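Asker: Contents of start-v1.cif (mmCIF, C-alpha atoms):
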data_model
loop_
_atom_site.label_atom_id
_atom_site.label_comp_id
_atom_site.auth_asym_id
_atom_site.auth_seq_id
_atom_site.Cartn_x
_atom_site.Cartn_y
_atom_site.Cartn_z
CA MET X 7 14.86 -6.62 26.04
CA GLU X 8 11.58 -8.53 25.79
CA GLN X 9 9.70 -5.30 25.27
CA PHE X 10 12.15 -4.25 22.54
CA ILE X 11 11.74 -7.53 20.63
CA GLN X 12 7.97 -7.32 21.07
CA GLN X 13 7.95 -3.80 19.59
CA LEU X 14 10.17 -4.98 16.73
CA LEU X 15 7.70 -7.75 15.94
CA ASN X 16 4.75 -5.34 16.04
CA GLY X 17 6.64 -2.95 13.78
CA LEU X 18 7.42 -5.75 11.36
CA PHE X 19 3.74 -6.62 11.01
CA LEU X 20 2.77 -2.98 10.45
CA GLY X 21 5.72 -2.38 8.12
CA ALA X 22 4.66 -5.30 5.93
CA ILE X 23 1.38 -3.51 5.21
CA TYR X 24 3.13 -0.21 4.47
CA ALA X 25 5.44 -2.11 2.10
CA LEU X 26 2.45 -3.56 0.28
CA ILE X 27 0.92 -0.12 -0.28
CA ALA X 28 4.28 1.46 -1.13
CA LEU X 29 4.72 -0.99 -3.99
CA GLY X 30 1.74 0.58 -5.78
CA TYR X 31 3.26 4.04 -5.50
CA THR X 32 6.66 2.89 -6.69
CA MET X 33 5.37 0.83 -9.64
CA VAL X 34 3.25 3.70 -11.00
CA TYR X 35 6.14 6.13 -10.52
CA GLY X 36 8.53 3.72 -12.21
CA VAL X 37 6.33 3.50 -15.31
CA LEU X 38 4.76 6.96 -15.54
CA ARG X 39 7.03 9.15 -13.36
CA PHE X 40 4.19 10.60 -11.30
CA ILE X 41 2.72 10.06 -7.81
CA ASN X 42 -0.76 8.56 -7.72
CA PHE X 43 -2.12 10.23 -4.58
CA ALA X 44 -5.40 8.33 -4.97
CA HIS X 45 -3.59 5.10 -4.11
CA GLY X 46 -4.35 5.43 -0.38
CA ASP X 47 -8.05 5.70 -1.16
CA VAL X 48 -7.96 2.49 -3.20
CA PHE X 49 -6.51 0.95 -0.03
CA MET X 50 -9.59 2.25 1.87
CA LEU X 51 -11.94 0.85 -0.78
CA GLY X 52 -10.21 -2.52 -0.44
CA ALA X 53 -11.16 -2.60 3.24
CA PHE X 54 -14.78 -1.66 2.45
CA ALA X 55 -14.90 -4.27 -0.33
CA GLY X 56 -13.81 -6.88 2.21
CA TYR X 57 -16.45 -5.66 4.68
CA TYR X 58 -19.35 -5.89 2.22
CA LEU X 59 -18.14 -9.11 0.61
CA HIS X 60 -18.01 -10.71 4.06
CA LYS X 61 -21.53 -9.51 4.74
CA ALA X 62 -22.87 -10.77 1.40
CA LEU X 63 -21.00 -14.05 1.03
CA MET X 64 -20.75 -15.43 4.57
CA PRO X 65 -24.27 -16.95 4.52
CA MET X 66 -23.16 -18.99 1.47
CA MET X 67 -19.64 -19.74 2.75
CA SER X 68 -20.48 -20.51 6.37
CA ALA X 69 -19.84 -24.23 5.76
CA LEU X 70 -16.31 -23.55 4.46
CA PRO X 71 -13.27 -23.37 6.75
CA ALA X 72 -12.50 -19.79 7.84
CA PRO X 73 -9.14 -19.63 5.97
CA VAL X 74 -10.80 -20.61 2.69
CA SER X 75 -13.55 -17.99 2.98
CA ALA X 76 -10.93 -15.39 4.01
CA VAL X 77 -8.87 -16.15 0.88
CA VAL X 78 -11.99 -15.87 -1.32
CA ILE X 79 -12.84 -12.47 0.19
CA LEU X 80 -9.22 -11.31 -0.14
CA LEU X 81 -8.96 -12.32 -3.81
CA LEU X 82 -12.34 -10.78 -4.72
CA SER X 83 -11.40 -7.53 -2.94
CA MET X 84 -8.08 -7.44 -4.82
CA LEU X 85 -9.96 -8.04 -8.08
CA ILE X 86 -12.38 -5.16 -7.35
CA CYS X 87 -9.53 -2.79 -6.49
CA GLY X 88 -7.53 -3.92 -9.52
CA VAL X 89 -10.44 -3.13 -11.85
CA LEU X 90 -10.97 0.18 -10.04
CA GLY X 91 -7.31 1.11 -10.58
CA ILE X 92 -7.60 0.35 -14.31
CA VAL X 93 -10.77 2.46 -14.57
CA ILE X 94 -9.12 5.38 -12.72
CA GLU X 95 -6.15 5.27 -15.08
CA LEU X 96 -8.40 5.03 -18.12
CA LEU X 97 -10.73 7.89 -17.19
CA ALA X 98 -8.55 10.28 -15.20
CA TYR X 99 -4.91 9.83 -16.15
CA ARG X 100 -4.79 8.52 -19.73
CA PRO X 101 -6.32 11.69 -21.28
CA LEU X 102 -3.53 13.68 -19.57
CA ARG X 103 -0.64 11.42 -20.55
CA SER X 104 0.89 13.96 -22.94
CA ARG X 105 0.27 16.89 -20.60
CA PRO X 106 2.75 18.28 -18.03
CA ARG X 107 3.23 16.13 -14.94
CA LEU X 108 1.84 18.89 -12.73
CA ASN X 109 -1.56 18.49 -14.42
CA VAL X 110 -1.56 14.77 -13.66
CA LEU X 111 -0.44 15.38 -10.08
CA ILE X 112 -3.29 17.83 -9.45
CA THR X 113 -5.71 15.38 -11.06
CA ALA X 114 -4.47 12.63 -8.73
CA ILE X 115 -5.28 14.84 -5.72
CA GLY X 116 -8.71 15.50 -7.21
CA VAL X 117 -9.34 11.78 -7.74
CA SER X 118 -8.30 11.16 -4.13
CA LEU X 119 -10.80 13.72 -2.78
CA PHE X 120 -13.49 12.40 -5.11
CA LEU X 121 -13.05 8.84 -3.82
CA GLU X 122 -12.99 9.93 -0.16
CA TYR X 123 -16.14 12.04 -0.27
CA THR X 124 -18.00 9.63 -2.56
CA ALA X 125 -17.21 6.87 -0.07
CA GLN X 126 -18.43 9.09 2.77
CA TYR X 127 -21.68 9.73 0.88
CA ILE X 128 -22.24 6.04 0.14
CA PHE X 129 -20.90 4.35 3.30
CA GLY X 130 -21.48 7.17 5.82
CA ALA X 131 -18.93 8.91 8.03
CA THR X 132 -19.35 6.61 11.04
CA GLN X 133 -16.60 4.18 11.87
CA ARG X 134 -17.67 0.56 11.69
CA PRO X 135 -16.01 -2.61 13.01
CA PHE X 136 -14.26 -4.82 10.47
CA PRO X 137 -15.30 -8.48 10.84
CA GLU X 138 -12.85 -11.16 11.92
CA LEU X 139 -12.18 -13.09 8.71
CA ILE X 140 -10.31 -15.66 10.80
CA PRO X 141 -11.06 -16.07 14.55
CA LYS X 142 -8.33 -14.24 16.44
CA LYS X 143 -6.04 -16.13 18.80
CA THR X 144 -3.06 -14.85 20.74
CA VAL X 145 -0.07 -17.12 21.16
CA GLU X 146 2.61 -16.67 23.80
CA GLY X 147 6.03 -17.49 22.45
CA LEU X 148 9.52 -17.74 23.88
CA GLY X 149 10.48 -15.09 26.41
CA GLY X 150 6.90 -14.01 27.03
CA LEU X 151 6.40 -12.56 23.53
CA TYR X 152 2.82 -12.28 22.30
CA VAL X 153 1.84 -12.76 18.67
CA SER X 154 -1.67 -13.16 17.29
CA ASN X 155 -2.52 -15.57 14.50
CA THR X 156 -3.85 -12.59 12.50
CA GLN X 157 -0.43 -10.89 12.64
CA VAL X 158 1.34 -14.03 11.45
CA ILE X 159 -1.18 -14.61 8.64
CA VAL X 160 -0.86 -10.98 7.51
CA LEU X 161 2.94 -11.21 7.46
CA VAL X 162 3.00 -14.54 5.58
CA ALA X 163 0.37 -13.39 3.08
CA THR X 164 2.28 -10.16 2.48
CA LEU X 165 5.52 -12.05 1.85
CA LEU X 166 3.72 -14.36 -0.61
CA LEU X 167 2.30 -11.37 -2.47
CA LEU X 168 5.74 -9.76 -2.61
CA LEU X 169 7.22 -12.95 -4.04
CA ALA X 170 4.37 -13.17 -6.58
CA LEU X 171 5.03 -9.56 -7.58
CA ARG X 172 8.73 -10.23 -8.00
CA PHE X 173 7.91 -13.25 -10.18
CA ILE X 174 5.59 -11.15 -12.38
CA VAL X 175 8.10 -8.32 -12.76
CA MET X 176 11.22 -10.46 -13.29
CA LYS X 177 9.97 -13.63 -14.99
CA THR X 178 7.02 -12.75 -17.23
CA LYS X 179 6.71 -10.93 -20.56
CA MET X 180 4.49 -8.30 -18.97
CA GLY X 181 7.09 -7.71 -16.29
CA LEU X 182 9.75 -7.37 -18.98
CA ALA X 183 7.55 -4.82 -20.75
CA MET X 184 7.08 -2.92 -17.48
CA ARG X 185 10.84 -2.73 -16.96
CA ALA X 186 11.41 -1.69 -20.57
CA LEU X 187 8.78 1.03 -20.29
CA SER X 188 10.30 2.37 -17.09
CA LEU X 189 13.75 2.61 -18.72
CA ASN X 190 12.82 4.10 -22.09
CA PRO X 191 9.16 4.45 -23.22
CA THR X 192 10.09 5.39 -26.80
CA ALA X 193 12.42 2.44 -27.27
CA ALA X 194 9.84 0.13 -25.69
CA THR X 195 7.24 1.29 -28.22
CA LEU X 196 9.67 0.74 -31.11
CA MET X 197 10.23 -2.80 -29.85
CA GLY X 198 6.50 -3.54 -30.05
CA VAL X 199 5.44 -2.89 -26.45
CA ASN X 200 1.87 -1.61 -26.14
CA ASN X 201 2.43 1.12 -23.56
CA SER X 202 -1.27 1.61 -22.79
CA VAL X 203 -1.77 -2.06 -21.94
CA VAL X 204 1.34 -2.12 -19.75
CA ILE X 205 0.33 1.05 -17.90
CA SER X 206 -3.20 -0.29 -17.31
CA PHE X 207 -1.76 -3.56 -16.03
CA THR X 208 0.59 -1.67 -13.70
CA PHE X 209 -2.29 0.34 -12.24
CA GLY X 210 -4.40 -2.78 -11.85
CA LEU X 211 -1.59 -4.71 -10.15
CA GLY X 212 -0.69 -1.86 -7.79
CA SER X 213 -4.35 -1.28 -6.90
CA ALA X 214 -4.89 -4.99 -6.21
CA LEU X 215 -1.96 -4.90 -3.77
CA ALA X 216 -3.46 -1.79 -2.14
CA GLY X 217 -6.75 -3.68 -1.79
CA ALA X 218 -4.93 -6.53 -0.05
CA GLY X 219 -3.23 -3.96 2.19
CA GLY X 220 -6.65 -2.57 3.12
CA ILE X 221 -7.90 -6.02 4.15
CA PHE X 222 -4.74 -6.72 6.17
CA TYR X 223 -4.74 -3.31 7.87
CA ALA X 224 -8.43 -3.64 8.79
CA SER X 225 -7.75 -7.12 10.15
CA LEU X 226 -5.03 -5.78 12.48
CA TYR X 227 -6.85 -2.54 13.37
CA PRO X 228 -10.51 -3.57 12.95
CA SER X 229 -12.20 -0.23 12.35
CA ILE X 230 -12.90 1.23 8.90
CA GLU X 231 -14.11 4.63 7.70
CA PRO X 232 -13.89 6.60 4.42
CA PHE X 233 -10.77 8.59 5.40
CA MET X 234 -8.77 5.66 6.76
CA GLY X 235 -6.52 5.62 3.69
CA ILE X 236 -5.05 9.10 4.10
CA LEU X 237 -2.45 8.53 6.80
CA PRO X 238 -1.35 4.97 5.85
CA GLY X 239 -1.23 6.12 2.23
CA LEU X 240 1.05 9.06 3.06
CA LYS X 241 3.29 6.86 5.21
CA ALA X 242 3.52 4.32 2.40
CA PHE X 243 4.47 7.14 0.04
CA VAL X 244 7.21 8.14 2.49
CA ALA X 245 8.30 4.49 2.58
CA ALA X 246 8.55 4.45 -1.22
CA VAL X 247 10.66 7.64 -1.19
CA LEU X 248 12.80 6.32 1.65
CA GLY X 249 13.58 3.10 -0.20
CA GLY X 250 14.09 4.89 -3.53
CA ILE X 251 10.88 5.53 -5.43
CA GLY X 252 10.68 3.42 -8.55
CA ASN X 253 12.64 0.64 -6.85
CA ILE X 254 10.51 -2.35 -5.79
CA PRO X 255 12.87 -3.86 -3.15
CA GLY X 256 13.43 -0.30 -1.88
CA ALA X 257 9.69 0.17 -1.35
CA ALA X 258 9.52 -3.03 0.69
CA LEU X 259 12.56 -1.99 2.75
CA GLY X 260 11.18 1.51 3.30
CA GLY X 261 7.85 0.11 4.49
CA MET X 262 9.57 -2.09 7.05
CA ILE X 263 11.72 0.80 8.33
CA ILE X 264 8.73 3.13 8.69
CA GLY X 265 6.62 0.49 10.45
CA ILE X 266 9.35 -0.50 12.90
CA THR X 267 10.36 3.11 13.63
CA GLU X 268 6.78 4.19 14.24
CA THR X 269 6.14 1.27 16.59
CA LEU X 270 9.36 1.85 18.54
CA VAL X 271 8.53 5.55 18.99
CA ALA X 272 5.05 4.65 20.24
CA GLY X 273 6.41 1.96 22.57
CA TYR X 274 9.20 4.07 24.06
CA SER X 275 7.45 7.45 23.95
CA GLN X 276 7.72 7.97 27.72
CA ASP X 277 11.40 6.99 27.83
CA ILE X 278 12.45 9.34 25.04
CA GLY X 279 10.13 12.15 26.12
CA ILE X 280 7.97 12.25 22.98
CA PRO X 281 4.17 11.93 23.33
CA SER X 282 2.93 8.74 21.69
CA GLY X 283 0.66 10.80 19.42
CA TYR X 284 3.78 12.08 17.65
CA LYS X 285 4.50 8.63 16.22
CA ASP X 286 2.60 9.60 13.07
CA GLY X 287 4.97 12.50 12.53
CA VAL X 288 8.06 10.30 12.56
CA ALA X 289 7.49 9.19 8.97
CA PHE X 290 7.52 12.78 7.78
CA VAL X 291 10.65 13.62 9.76
CA ILE X 292 12.29 10.68 8.00
CA LEU X 293 11.02 12.02 4.66
CA ILE X 294 12.62 15.43 5.32
CA LEU X 295 15.90 13.84 6.36
CA ILE X 296 16.05 11.54 3.36
CA LEU X 297 15.28 14.41 0.97
CA LEU X 298 18.03 16.47 2.58
CA PHE X 299 20.79 13.87 2.71
CA LYS X 300 19.90 11.19 0.11
CA PRO X 301 17.11 12.36 -2.22
CA SER X 302 17.35 9.23 -4.37
CA GLY X 303 16.46 7.02 -1.36
CA LEU X 304 18.33 4.13 0.22
CA LEU X 305 18.27 1.88 -2.86
CA GLY X 306 17.46 4.45 -5.53
CA LYS X 307 19.78 5.59 -8.29
CA VAL X 308 20.74 9.19 -8.93
CA GLU X 309 19.20 10.35 -12.21
CA ARG X 310 20.42 13.46 -13.99
CA GLU X 311 17.77 15.50 -15.74
CA LYS X 312 18.61 17.17 -19.04
CA VAL X 313 17.93 20.89 -19.22
#
Mind turning this structure into structure tokens?
Answerer:
Amino acid sequence: MEQFIQQLLNGLFLGAIYALIALGYTMVYGVLRFINFAHGDVFMLGAFAGYYLHKALMPMMSALPAPVSAVVILLLSMLICGVLGIVIELLAYRPLRSRPRLNVLITAIGVSLFLEYTAQYIFGATQRPFPELIPKKTVEGLGGLYVSNTQVIVLVATLLLLLALRFIVMKTKMGLAMRALSLNPTAATLMGVNNSVVISFTFGLGSALAGAGGIFYASLYPSIEPFMGILPGLKAFVAAVLGGIGNIPGAALGGMIIGITETLVAGYSQDIGIPSGYKDGVAFVILILILLFKPSGLLGKVEREKV
């Protein structure tokens, strides 16, 4: 029982990061109805931004408490990724806005490859250790459970970001414009909504969350390289589909389910007779099942397309 609860906790921490990345996929889909496959690479660039910001700023911030310097690095990394997301939308996707969705989808794959190989050219292909933004400590809780302070900080920070996102979407004028645009772009334009501004804001917000996800993921698994965004990005996409793509609470729920399932498979691989290396395939088995039995996702709504 202790091992089961321990695996649940580990899955919860991992699922929180998947949820954070999945929100970017689901927000862009909700507004533009296409999958931004470059989102996982923005997640990777968030981790590298944190790495280089730590290297550049720590001599100046060494006198500050570690949590303060970690927050500064996190916010700056989110800002960099947010600006990058806006630039990607402006240069790559906006010129294709009136074109068929397939064109945009292929472009997204091209942008993803461009970011990966440009990062490899600039940063090199070698894995490098991610610095400890906050000194790591492991705490033993009730029943012999082990939790590190990094895991708790990542979970709390993720929950705060999710609450901030919900506030923006549900309580601000920009959030209202985002919801209007996702329901009916033409009607939103007639009501005075500037669609271009809203779309740019959505890309920036989703990319900033991906940047935070990159920092959190690198803090839990402290090794970064230019292709580190591929697998977590795909799993987050599966999480978004599982929860109901376009649905923000669904993306968070899907991320948690994927993270917990993956961790349980890895933890009980010997008992269930599946090699632990197959844990990465679980997300895609779930994707196939959800597409077969509930294509709209757990919290998604069935939409009929006019012929």
Asker: Please provide the set of residues having any atom within 9 Å of Leu18 of chain X, restricted to all atoms listed in the file, with same-chain residues fewer than 2 positions apart removed, written as a count of residues only.
Answerer: 14
Asker: With 12 Å as the threshold, what does the neighbourhood of (-8.1, 7.2, -15.5) contain in terms of residues, counting all atoms listed in the file? Coordinates are those of the file; answer as an NGL selection string.
Answerer: :X and (42 or 44 or 89-103 or 110 or 113-114 or 116-117 or 202 or 205-206 or 209-210)
Asker: Provide the atom CA of Ile112 of chain X to atom CA of Thr124 of chain X distance in Å, to one decimal place.
Answerer: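 Between atom CA of Ile112 of chain X and atom CA of Thr124 of chain X the gap is 18.2 Å.
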Asker: Residues near Thr32 of chain X, anyone? I mean within 12 Å using all atoms listed in the file, not counting same-chain ones fewer than 5 positions away, as number ranges by chain.
Answerer: X: 25-27, 37-43, 45, 188, 208-209, 211-213, 215, 242-258, 260-261, 303, 306
Asker: Write to file, as a compact mmCIF listing (two decimals), in the frame of the given file, the residues of the selection just made, with C-alpha atoms.
Answerer:
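So the final result, stored in part18.txt, reads:
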# COMPACT_ATOMS: atom_id res chain seq x y z
CA ALA X 25 5.44 -2.11 2.10
CA LEU X 26 2.45 -3.56 0.28
CA ILE X 27 0.92 -0.12 -0.28
CA VAL X 37 6.33 3.50 -15.31
CA LEU X 38 4.76 6.96 -15.54
CA ARG X 39 7.03 9.15 -13.36
CA PHE X 40 4.19 10.60 -11.30
CA ILE X 41 2.72 10.06 -7.81
CA ASN X 42 -0.76 8.56 -7.72
CA PHE X 43 -2.12 10.23 -4.58
CA HIS X 45 -3.59 5.10 -4.11
CA SER X 188 10.30 2.37 -17.09
CA THR X 208 0.59 -1.67 -13.70
CA PHE X 209 -2.29 0.34 -12.24
CA LEU X 211 -1.59 -4.71 -10.15
CA GLY X 212 -0.69 -1.86 -7.79
CA SER X 213 -4.35 -1.28 -6.90
CA LEU X 215 -1.96 -4.90 -3.77
CA ALA X 242 3.52 4.32 2.40
CA PHE X 243 4.47 7.14 0.04
CA VAL X 244 7.21 8.14 2.49
CA ALA X 245 8.30 4.49 2.58
CA ALA X 246 8.55 4.45 -1.22
CA VAL X 247 10.66 7.64 -1.19
CA LEU X 248 12.80 6.32 1.65
CA GLY X 249 13.58 3.10 -0.20
CA GLY X 250 14.09 4.89 -3.53
CA ILE X 251 10.88 5.53 -5.43
CA GLY X 252 10.68 3.42 -8.55
CA ASN X 253 12.64 0.64 -6.85
CA ILE X 254 10.51 -2.35 -5.79
CA PRO X 255 12.87 -3.86 -3.15
CA GLY X 256 13.43 -0.30 -1.88
CA ALA X 257 9.69 0.17 -1.35
CA ALA X 258 9.52 -3.03 0.69
CA GLY X 260 11.18 1.51 3.30
CA GLY X 261 7.85 0.11 4.49
CA GLY X 303 16.46 7.02 -1.36
CA GLY X 306 17.46 4.45 -5.53
Asker: Taking all atoms of segment 131-146 of chain X that the file lists, what box with edges along x, y and z, padded by 4 Å per side, do you get, with centre and edge lengths in Å to one decimal, as lines of an AutoDock Vina configuration file?
Answerer:
center_x = -8.4
center_y = -4.1
center_z = 15.9
size_x = 30.0
size_y = 34.0
size_z = 23.8
Asker: To one decimal place in Å, what is the distance between atom CA of Ile280 of chain X and atom CA of Glu8 of chain X?
Answerer: 21.3 Å
Asker: Hey, can you check how far atom CA of Ser118 of chain X sits from atom CA of Val160 of chain X?
Answerer: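 Atom-to-atom, atom CA of Ser118 of chain X to atom CA of Val160 of chain X, that is 26.1 Å.
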Asker: Fewer than 4 positions away in the same chain doesn't count, so skip those; otherwise give me all residues within 7 Å of Ala55 of chain X, counting all atoms listed in the file, as a ChimeraX atom specification.
Answerer: /X:51,59,83
Asker: Please produce an output containing C-alpha atoms for each residue in the selection, written as a short mmCIF file (atom, residue, chain, number, x, y, z; two decimals), in the coordinates of the input.
Answerer:
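Produced file result_1.cif, reproduced below:
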data_model
loop_
_atom_site.label_atom_id
_atom_site.label_comp_id
_atom_site.auth_asym_id
_atom_site.auth_seq_id
_atom_site.Cartn_x
_atom_site.Cartn_y
_atom_site.Cartn_z
CA LEU X 51 -11.94 0.85 -0.78
CA LEU X 59 -18.14 -9.11 0.61
CA SER X 83 -11.40 -7.53 -2.94
#
Asker: Complete segment 95-111 of chain X at the level of N, CA, C and O atoms, written as a short mmCIF file (atom, residue, chain, number, x, y, z; two decimals), keeping the file's coordinate frame.
Answerer:
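And here is the file that came out, out01.cif:
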data_model
loop_
_atom_site.label_atom_id
_atom_site.label_comp_id
_atom_site.auth_asym_id
_atom_site.auth_seq_id
_atom_site.Cartn_x
_atom_site.Cartn_y
_atom_site.Cartn_z
N GLU X 95 -7.19 4.91 -14.11
CA GLU X 95 -6.15 5.27 -15.08
C GLU X 95 -6.77 5.62 -16.43
O GLU X 95 -6.38 6.59 -17.07
N LEU X 96 -7.77 4.83 -16.81
CA LEU X 96 -8.40 5.03 -18.12
C LEU X 96 -9.14 6.37 -18.20
O LEU X 96 -9.03 7.10 -19.19
N LEU X 97 -9.88 6.70 -17.14
CA LEU X 97 -10.73 7.89 -17.19
C LEU X 97 -10.02 9.17 -16.78
O LEU X 97 -10.26 10.24 -17.35
N ALA X 98 -9.13 9.06 -15.77
CA ALA X 98 -8.55 10.28 -15.20
C ALA X 98 -7.15 10.59 -15.70
O ALA X 98 -6.83 11.76 -15.92
N TYR X 99 -6.31 9.56 -15.86
CA TYR X 99 -4.91 9.83 -16.15
C TYR X 99 -4.55 9.68 -17.63
O TYR X 99 -3.69 10.40 -18.13
N ARG X 100 -5.18 8.75 -18.32
CA ARG X 100 -4.79 8.52 -19.73
C ARG X 100 -5.02 9.75 -20.60
O ARG X 100 -4.16 10.08 -21.42
N PRO X 101 -6.15 10.49 -20.44
CA PRO X 101 -6.32 11.69 -21.28
C PRO X 101 -5.25 12.75 -21.04
O PRO X 101 -5.08 13.64 -21.87
N LEU X 102 -4.54 12.66 -19.90
CA LEU X 102 -3.53 13.68 -19.57
C LEU X 102 -2.10 13.17 -19.79
O LEU X 102 -1.15 13.81 -19.35
N ARG X 103 -1.97 12.05 -20.47
CA ARG X 103 -0.64 11.42 -20.55
C ARG X 103 0.38 12.31 -21.26
O ARG X 103 1.56 12.28 -20.93
N SER X 104 -0.06 13.10 -22.21
CA SER X 104 0.89 13.96 -22.94
C SER X 104 0.99 15.35 -22.33
O SER X 104 1.70 16.20 -22.86
N ARG X 105 0.26 15.58 -21.23
CA ARG X 105 0.27 16.89 -20.60
C ARG X 105 1.41 16.97 -19.57
O ARG X 105 1.98 15.95 -19.19
N PRO X 106 1.72 18.18 -19.08
CA PRO X 106 2.75 18.28 -18.03
C PRO X 106 2.40 17.46 -16.80
O PRO X 106 1.23 17.26 -16.47
N ARG X 107 3.45 17.00 -16.12
CA ARG X 107 3.23 16.13 -14.94
C ARG X 107 2.44 16.83 -13.84
O ARG X 107 1.75 16.20 -13.06
N LEU X 108 2.57 18.15 -13.77
CA LEU X 108 1.84 18.89 -12.73
C LEU X 108 0.34 18.71 -12.91
O LEU X 108 -0.40 18.59 -11.94
N ASN X 109 -0.13 18.69 -14.16
CA ASN X 109 -1.56 18.49 -14.42
C ASN X 109 -2.02 17.14 -13.88
O ASN X 109 -3.08 17.02 -13.27
N VAL X 110 -1.20 16.12 -14.12
CA VAL X 110 -1.56 14.77 -13.66
C VAL X 110 -1.53 14.71 -12.14
O VAL X 110 -2.38 14.06 -11.50
N LEU X 111 -0.56 15.39 -11.54
CA LEU X 111 -0.44 15.38 -10.08
C LEU X 111 -1.67 16.02 -9.44
O LEU X 111 -2.24 15.48 -8.47
#
